[in-house]
Structures are given as structure tokens and as C-alpha cells.
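Just below is one structure, and these are the notes that go with it.
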Amino acid sequence: MHLDHSHDTTTAVSADAARPDGTRRALRIGLGGPVGSGKTATVAALCRALRDTFSIAVVTNDIYTREDAEFLLRNAVLPPERIQAVETGACPHTAIRDDISANLEAVEDLEDAVGPLDLILVESGGDNLTATFSKGLVDAQVFVIDVAGGDDIPRKGGPGVTTADLLVVNKTDLAPYVGSDLGRMARDAQDQRGELPVAFTSLTSGEGVKPVADWVRARLAAWSA
Amino acid sequence: MDTTSTHGASPGAARAALLVLADGRFPAGGHAHSGGAEAAVKAGRIREATDLAAFCRGRLHTSGLTSAALAAAAAAGADPLALDEAADARTPSPALRATARKLGRQLMRAARAAWPCDALDALAAARPRGAHQPVVLGVTARAAGLGPEDAAHCVAYESVGGPATAVVRLLGLDPFEATAVLARLAPELDQVARRAAEAGRRALTEGPGTLPAASAPLLDITAQAHAAWPVRLFAS
């Protein structure tokens, strides 16, 4: 079931690109952001968009165990053995940044059980604007905010908005109803992020998750190149 | 006893390494575990600082002592695989056995990055799904140039520090009060660690069967129930 570890095998520490047997591991992409911004819905949409082309698994970090994992299961975006929930002891940011042990164990277990995998999405528990993923856990991170959370969030910045490899501004269809100025959000985001990309999405209309899925495809192409 | 440490320190001579290993920020997965405190809070057995003190005292003298002695024996150089079996025999709850192995596997990753050595590699190879956490901790302590007392102190402290931190999060208990609870337990922690270290040394010559086998039946029972809760904040 498990791989043969010899004594002189290099310790498989977090960000190593190779698995203990020498094969290249899956690309790991983290999705963080405030509660209710649409992280789980984005993960579900990404799975639907990419699952026919790539071998995918998901790790969820619920604040309350298994809610997000069960949403994904109910919506049958992936078979159950490809979804694993990690408990975070009331501190979701700790589990993705300061002590990533349980998440690393989950990604390794998924690769052992259902691999080889191309992509593992690691969804953080809903947290605040300072939550970011450790580079020891993920290769790239997406920060998901939404227009209903206030159009001043890009201006406020914070590590998630400022440094994430992709900023997703979700629920654009709600902008007229909550008085959010998408143009202002785009300008503020660019001021904070410089060249780093921003995707505006509405998962319920238009092209849906496509801008995010395209970005993930580009990262996958770069990872396997 | 000689040491297998790759760093050349004699056992027990290192101090700073103990601080690194015992630090609550040491990234070995412990933050997601309450040591049974979540179940006790839910049942109303922990409501305030005095309840926390009683809970911690009970855990320290039962599973705390047993775990500390296992760690001390491993730090003294006893066979970790025999100790792993001894740990299984002393952990009647399947949920707690699974938790101990999960935490052992997570500690192993941090330990191999912090103090790489053959002894940790060998244990990881023999138990790829994780050995019991106190056994891994003892082998880690030895690799870091620490001795049986150090390993026992570290595990004894973890046995109460984990629940105290968890209760601060679960109840919003005043963190100063929680820390005061730990400080007042310090003399008992020292006693338990000394007993555990003596037992660990004895196990080196007389075998792991002589190690303490204290347990807390209520912790075992509530751990089984907790593992089946559909909604919980802590993994154990």
C-alpha cells in the first residue's frame, strides 16, 4: 500500500516537487478568503470544469468539520475518495500556514490512495483578510473575496489580497444590488497587486468560473513542463 | 549511555533544543487536538479555570504519566518498535490509538526536518503510517541530544498544555487564568516527569512491560464518542 522508504531516501519535506518514489507530485493550489465569499462553490466549479482533463483531489479545512467536504460530496463534483477533510482546532489559518502537518498528511494520503494526481485543491476554512498559505503546503494560492463583502476590501489590502497569485472577486452579478463599484475594485486591486492577476467571476451567470479555470490550466501547464 | 545524536551532545546536556521541541508553535499538528477537553466542555465538565485544573491534573497523572514514560524510554534508547507495541497495549480506545499514530506521523515530519538522523529514518520506515506520538517524541529528543527527563517533561507538559489552549478557544476562558492553571501544576509536572524518567530507564533493562499503564477510562470513553461527532472543532 505504501511506498518503500529506504534509510537514505531524502526526507519528504513539504514543498519537495518529487514524491519519495521519485515521481513528480501533483500541483497544489490553495484557495483562501473570508467566510461566505464562495471558496467552496469555486472549488466545486473548478472540479466540474477540469475533472475530465485532469486527475483532481480536494482537501477541505472546515472550521466545523466536514461541512465543506459534504457540500462537495452532495454536489458530486468528485468521487468521495478524492475529497478529504482536515480538522483545524478552531484556528483555520494555523492549519494552512503555521503548522501545515495535517494538510500535508492529507495531500500525501490522497496521492497514495487515488494517485497519480495532476492537481490538488486545498481549500482553507473561511478566515479573515490576513490568511495566507505556507509555501511548504501549496505551490500557488488563490484569494477569493466577493462584491457583497464591501467594495473597499481591495483597497484595505492585507496579505491575502496583496500577495495571492490570483485574486478572485466573486458574485459580480450582485454588484448592482449591494452598491459595489466593480471599476473601483479593479483599480484598487491593481494598486495593491501591481502585475498580479485579478479575475472577476459570477458562478451563477455568464462564463462562470472560466477565468479561474484558465488560470489553473496555465499553472498546470507550467508545472508539468 | 551513549547517544545516537548526530550533533554530538551528551544526553540531557542540551537545553535550547528542549525549548524548540516543547514550544507550542513546533509544527507537529498538536494545535488541532484538545486532549479530550472538547468533549469535557460539551458535557459541562469544564466550565471555568478550576474545572480545567482538575481535568489537567487527572490527565497528567493518568495518560500523561503513561505517555511520558514511553517517551522517556525511547529517549533512553529502548527499542522504539517494542515501545510502540507497549503504547498500543496501554491505549484501549481505538480512536486514541489512531490519534496517537496520526500525531506521531506528523511529529515525525517536523522531527526529521529539525534533527535528521538514522534513528528517525528507521522508525519512519518501519511505521510509515505513524508510530505512537510519545515514542516518536522520545526518539526525537534523543536525536536532539536530550535525555529521558527532558522527553518526559515535554510529554507531561503537552498532556496539560494542549487541553488548556483548547479550552481558551472553546470557552473564551481568560488566557491568563489558563496559564496560571499550568503554572500551578508545575510542581506536579516535575514529579510526574521524574517518575516517568525513572520508569523509562528501568524499561531499558527490564523491558517495556514495566512501564506505567495508568489510564483514564472517562477520557477513553469520551474520545470514542467524540470521534463520531458529526460537528466538532478539534480532531480529538
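Letters A, B, ... mark the chains of the C-alpha cells in the order given; residue numbers begin at 1 per chain; ligand numbers begin at 1, in order shown.
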- Task: Per DSSP on the backbone, filter segment 1-200 of chain A down to the residues in strand (DSSP E or B) and report them as a ChimeraX atom specification.
- Result: /A:18,24,27-32,34,56-62,83-87,119-123,127,140-146,166-170,198-200
- Item | Contact residues (chain B, partner chain A, 9 Å, only C-alpha atoms) as a ChimeraX atom specification | /B:25-34,102-103,105-107,109-110,112-113,116,118,121-122,124-126,128-129,166,169-170,230-236
- Message: Just want the 7 Å neighbourhood of segment 81-90 of chain B, counted on only C-alpha atoms, with same-chain residues fewer than 2 positions away dropped. Output as a VMD selection string.
- Response: chain B and resid 70 79 92 97 131 to 132 135 208 213
- Message: With only C-alpha atoms as the counted atoms, please give the residues lying no more than 6 Å from segment 191-197 of chain A, apart from itself and same-chain residues fewer than 2 positions off, as a PyMOL selection string.
- Response: chain A and resi 162+166+188-189
- Message: From a backbone DSSP assignment, name each residue in segment 94-182 of chain B labelled alpha helix (DSSP H), as a PyMOL selection string.
- Response: chain B and resi 94-114+118-126+133-143+148-171+175-182
- Message: Would you compute the distance between atom CA of Gly125 of chain A and atom CA of Ala85 of chain A? Give it in Å to one decimal.
- Response: 10.5 Å
- Message: List as a list in words the protein and nucleic acid residues near Thr204 of chain A, meaning an atom at most 9 Å away when only C-alpha atoms are counted, but skip any in the same chain fewer than 4 places from it.
- Response: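 After dropping sequence-adjacent residues, the list is Lys171, Asp173 and Gly208 of chain A.
Atom CA of Ala199 of chain A lies 10.3 Å from atom CA of Asp214 of chain A.
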